[in-house]
Amino acid sequence: MLEIKGLRAGIEDKEILKGIDLVVPTGEVHAIMGPNGSGKSTLSYVLSGRDGYEVTGGSATFDGADLLEMEPEVRAAAGLFLAFQYPVELPGVGNANFLRTALNAQRRARGEAELDAVQFLKMARAEIKRLSMADDMLKRNVNVGFSGGEKKRNEVLQMAILRPKLAILDETDSGLDIDALKIVADGVNALRSPTFSALVITHYQRLLDYIVPDRVHVLAGGRIIRSGGPELAHELEANGYAAVVAEAA
Amino acid sequence: MNAVSQTSLQASAQGFLARYEGLKARLSGNVALRAAGAAAFAQQGLPGPREEAWRYTGLRVLADVAFHEPVVLLADGAAQLAALGLIDGPRLVFVDGRFRDDLSQLPEGVSVQTGAPAFGRIADNAEKMVALNTMLAEDGAAIDVAADVDAGTLLLVSLGSDAHGKPVSFHPRHAVRLGKGARLTLVEVNAGVGVYFNNPVLTAEIAEDATLVHLRQQMEAPGAFHLSTVFAEVGARGTYDSFSLALGGKLARVQVHARLVGEKAMAHLNAAQLLGGSQHSDFTTVVRHAAPATASRQTVKNVLTGRSKGVFQGKIEVDRIAQKTDGYQMNQTLLLSRDAEIDSKPQLEIYADDVKCSHGATVGELDADQLFYLRSRGVPVAEARNILVRAFLAEALDPIAHEAVRAGMEAAIAARWAAELGTGDAA
């Protein structure tokens, strides 16, 4: 379970998150929607431990452990996964090698046995098939020369292989056509289980037609200003953010 | 300060000359060639800080050490050799500059002679370190591959020992000759323990349509000095394909002279230097395009941390006759600490009018986004840095066709750098 209380954080003296309260129980998928500049990406980076963000107040715990005290790799081994809005290219690093290194590092950190190359490839190929992705995905360098859609699919593939307990999807729908969107959504839905939770960060309601959330939260001005069921996403789509923000003010 | 260093350089040169005077009656090999080298060294001395080619690599730290003649000891090099984890197969092993029959395995289909310096034909005593080598060389390998023979892979190993109780220097002299259409992969490994000075010279004469793949792995002891010179002369459609990895030593320099003397001859002079602490390593090349339609490719990568200093000097000379020359040179550096330094100097001298020559240099740090991406997937920071360093080197390492050798070099890099990069001054 992810539990965020009064979280304040910013970058270079500029406070962006101004007291976030949010609970994502195990097994649930929550969506965070909000206008540009509301702090959506900052929230995902603070939760995943990117350098450069300063936490000035509040707390974030994951299964009871203080998330904000952990190094990024420790958060990953604890079961946190961030699907990047802009996946990073790694020239000279093969995708298969990258994924096996990551998986084995996490397994090592958890005291589990590592997978050898044969075991890993068998598992990775099965995931690729299940996600209807191209076979050459593993052979290419990480995200190098990938289209926008391929990069997002690669994020989903990584998620499927790393099997996190909590996935944060940072505007994973941006720049995707409808076919790619479906593949990404299928990938997330396939992981849904009583032991998996997700925080889906998005600007648009469209993705939530495919990944139907248990709860929807509206982030504006660094605070959650409203929470509700999946119908809240449709209300935002119909009336726009301005109406909800004005109403909450 | 110059006066001081000149004095110590002169004193050091006098020491080497005195050693030659004491030894010359019993040194083997061509007396006239050796005397010419000694005369050149007596006149030239050691390279000083005012020489353009040695501006970035000062030898005072070398001149401050008195190097002695290695006494013949049957030191057990076997354990040291085994620790290197070399590939199986034929090997020529030298300990403290002397051929060790007991540790070697002679190749088939190749003529090898040892027991005396193999002076070769093409080394130039105008290079001061070559003159020193010519004067003091005691041993070396003459490696001949007959026309149209594919001689496979041969290891040439140099081990420095601390068995003498005082710093020693050795000056091995090797000559490789490939007949027309011949082929050889020569894997040169330099390693050791203690304080010593390894000053090898290797000449490679590559006939028409022949290919020499020359892979060098320099992993000398942390207190060692390594100043080596390679001369390669390539005939028509022949190839000198080299990669030089610098990991070790306190002060190191590899200087490669490649002369492309036949039409469509080709040279690859790739290198990677990975330095930490207060290491200094210099990769200097002079490529001479002396025939039409010749090509040269140089990809040189430096990864520097601590207070280390890397140097790359690359000179491309194109003779008037060498039309349609294609020369390419790229030098890229990762600076992983604020106190590390790189000096990069490209030089083009072009006397033909229809040529394509390009060069470039970049300097940067590890990419913070890439590092975070790896860490967010669970890869610990030291391992993430190692992956990114390996990826940075890929362009220089990947062309090594011999998979086992490449894997060995990658393992050596990983072992050296996992520790170095994890120490925090890289952050």
# chains A, B, ... in the order shown; residues from 1 in each chain; ligands from 1
>>> closest_atom_pairs(of="chain A", to="chain B", cutoff="9 Å", atoms="only C-alpha atoms", output="Markdown table")
| residue | atom | partner | partner_atom | distance |
| --- | --- | --- | --- | --- |
| A:Ser48 | CA | B:Ser376 | CA | 6.8 |
| A:Gly49 | CA | B:Ser376 | CA | 7.9 |
| A:Arg50 | CA | B:Phe372 | CA | 6.6 |
| A:Asp51 | CA | B:Phe372 | CA | 8.0 |
| A:Glu71 | CA | B:Arg375 | CA | 8.3 |
| A:Pro72 | CA | B:Ser376 | CA | 5.2 |
| A:Glu73 | CA | B:Gly378 | CA | 4.0 |
| A:Val74 | CA | B:Gly378 | CA | 6.6 |
| A:Arg75 | CA | B:Gly378 | CA | 7.5 |
| A:Ala76 | CA | B:Gly378 | CA | 4.8 |
| A:Ala77 | CA | B:Gly378 | CA | 5.7 |
| A:Leu80 | CA | B:Ser376 | CA | 8.5 |
| A:Phe81 | CA | B:Arg377 | CA | 7.1 |
| A:Leu82 | CA | B:Ser376 | CA | 7.1 |
| A:Phe84 | CA | B:Tyr373 | CA | 8.6 |
| A:Pro87 | CA | B:Tyr373 | CA | 8.0 |
| A:Val88 | CA | B:Gln370 | CA | 6.2 |
| A:Glu89 | CA | B:Gln370 | CA | 7.3 |
| A:Leu90 | CA | B:Gln370 | CA | 6.7 |
| A:Pro91 | CA | B:Ala391 | CA | 6.6 |
| A:Gly92 | CA | B:Ala391 | CA | 4.3 |
| A:Val93 | CA | B:Ala391 | CA | 5.8 |
| A:Phe98 | CA | B:Leu374 | CA | 8.2 |
| A:Leu99 | CA | B:Arg377 | CA | 8.3 |
| A:Thr101 | CA | B:Val379 | CA | 7.0 |
| A:Ala102 | CA | B:Val379 | CA | 5.2 |
| A:Leu103 | CA | B:Gly378 | CA | 7.3 |
| A:Asn104 | CA | B:Val379 | CA | 8.7 |
| A:Ala105 | CA | B:Val379 | CA | 5.7 |
| A:Gln106 | CA | B:Gly378 | CA | 5.5 |
| A:Ala109 | CA | B:Gly378 | CA | 8.8 |
| A:Gln158 | CA | B:Arg377 | CA | 8.5 |
| A:Leu162 | CA | B:Arg377 | CA | 8.2 |
>>> residues_around(residues="Gly58 (chain B)", least_positions_apart="2", cutoff="10 Å", atoms="only C-alpha atoms", output="VMD selection string")
chain B and resid 5 9 47 to 51 54 to 56 60 to 63 251 280
>>> residues_around(residues="region 102-115 of chain B", least_positions_apart="4", cutoff="12 Å", atoms="only C-alpha atoms", output="PyMOL selection string")
chain B and resi 27-29+74-82+88-95+97-98+119+137-159+172-179+182-186
>>> select_by_dssp(residues="region 11-245 of chain A", states="strand (DSSP E)", output="number ranges by chain")
A: 11, 14-24, 29-33, 54-62, 65-66, 80-83, 90-94, 141-142, 166-170, 197-202, 215-220, 223-228
>>> select_by_dssp(residues="region 50-248 of chain A", states="alpha helix (DSSP H)", output="number ranges by chain")
A: 72-78, 95-109, 117-130, 148-162, 178-191, 207-210, 231-239, 241-248
>>> residues_around(residues="region 235-237 of chain A", least_positions_apart="3", cutoff="10 Å", atoms="only C-alpha atoms", output="list in words")
Met33, Gly34, His203, Tyr204, Gln205, Arg206, Val218, Pro230, Glu231, Leu232, Gly240, Tyr241, Ala242, Ala243 and Val244 of chain A
>>> residues_around(residues="Gly94 (chain A)", least_positions_apart="4", cutoff="8 Å", atoms="only C-alpha atoms", output="list in words")
Phe98, Leu138, Lys139, Arg140, Asn141 and Val142 of chain A
>>> write_last_selection(atoms="N, CA and C atoms", output="mmCIF file, in the first residue's frame")
data_model
loop_
_atom_site.group_PDB
_atom_site.id
_atom_site.type_symbol
_atom_site.label_atom_id
_atom_site.label_comp_id
_atom_site.auth_asym_id
_atom_site.auth_seq_id
_atom_site.Cartn_x
_atom_site.Cartn_y
_atom_site.Cartn_z
ATOM 1 N N PHE A 98 20.031 -5.234 -20.532
ATOM 2 C CA PHE A 98 19.526 -4.210 -19.609
ATOM 3 C C PHE A 98 18.462 -4.805 -18.685
ATOM 4 N N LEU A 138 13.987 -7.169 -27.975
ATOM 5 C CA LEU A 138 15.038 -7.504 -27.015
ATOM 6 C C LEU A 138 16.425 -7.287 -27.587
ATOM 7 N N LYS A 139 16.528 -7.353 -28.915
ATOM 8 C CA LYS A 139 17.851 -7.306 -29.542
ATOM 9 C C LYS A 139 18.356 -5.882 -29.708
ATOM 10 N N ARG A 140 17.435 -4.935 -29.747
ATOM 11 C CA ARG A 140 17.837 -3.553 -30.018
ATOM 12 C C ARG A 140 18.417 -2.901 -28.770
ATOM 13 N N ASN A 141 19.163 -1.804 -29.015
ATOM 14 C CA ASN A 141 19.646 -1.016 -27.888
ATOM 15 C C ASN A 141 18.461 -0.325 -27.216
ATOM 16 N N VAL A 142 18.564 -0.105 -25.921
ATOM 17 C CA VAL A 142 17.429 0.384 -25.139
ATOM 18 C C VAL A 142 16.899 1.708 -25.707
#
>>> residues_around(residues="Thr56 (chain A)", least_positions_apart="3", cutoff="9 Å", atoms="only C-alpha atoms", output="VMD selection string")
chain A and resid 7 to 10 15
>>> atom_distance(atom1="CA of Glu69 (chain B)", atom2="CA of Lys166 (chain B)")
9.6 Å
>>> residues_around(residues="region 243-245 of chain B", least_positions_apart="6", cutoff="6 Å", atoms="only C-alpha atoms", output="JSON, numbers by chain")
{"B": [215, 216, 217, 218, 270, 271, 272, 273]}
>>> write_last_selection(atoms="C-alpha atoms", output="PDB file, in the first residue's frame")
ATOM      1  CA  LEU B 215      45.027  -6.034 -29.928  1.00  0.00           C
ATOM      2  CA  ARG B 216      46.907  -4.521 -27.008  1.00  0.00           C
ATOM      3  CA  GLN B 217      45.863  -4.815 -23.390  1.00  0.00           C
ATOM      4  CA  GLN B 218      48.016  -2.681 -21.138  1.00  0.00           C
ATOM      5  CA  ASN B 270      41.256   2.439 -32.073  1.00  0.00           C
ATOM      6  CA  ALA B 271      41.947   2.890 -28.401  1.00  0.00           C
ATOM      7  CA  ALA B 272      40.371   3.158 -24.995  1.00  0.00           C
ATOM      8  CA  GLN B 273      42.030   4.634 -21.927  1.00  0.00           C
TER       9      GLN B 273
END
>>> atom_distance(atom1="CA of Met219 (chain B)", atom2="CA of Ala38 (chain B)")
29.2 Å
>>> atom_distance(atom1="CA of Ile201 (chain A)", atom2="CA of Arg125 (chain A)")
28.4 Å
>>> closest_atom_pairs(of="region 248-305 of chain B", to="region 189-199 of chain B", cutoff="10 Å", atoms="only C-alpha atoms", output="tab-separated table")
residue	atom	partner	partner_atom	distance
B:Gly248	CA	B:Ala191	CA	8.0
B:Gly249	CA	B:Ala191	CA	8.8
B:Lys250	CA	B:Val195	CA	9.3
B:Leu251	CA	B:Phe197	CA	9.5
B:Ala252	CA	B:Asn198	CA	9.4
B:Arg253	CA	B:Asn199	CA	9.7
B:Val254	CA	B:Asn199	CA	9.9
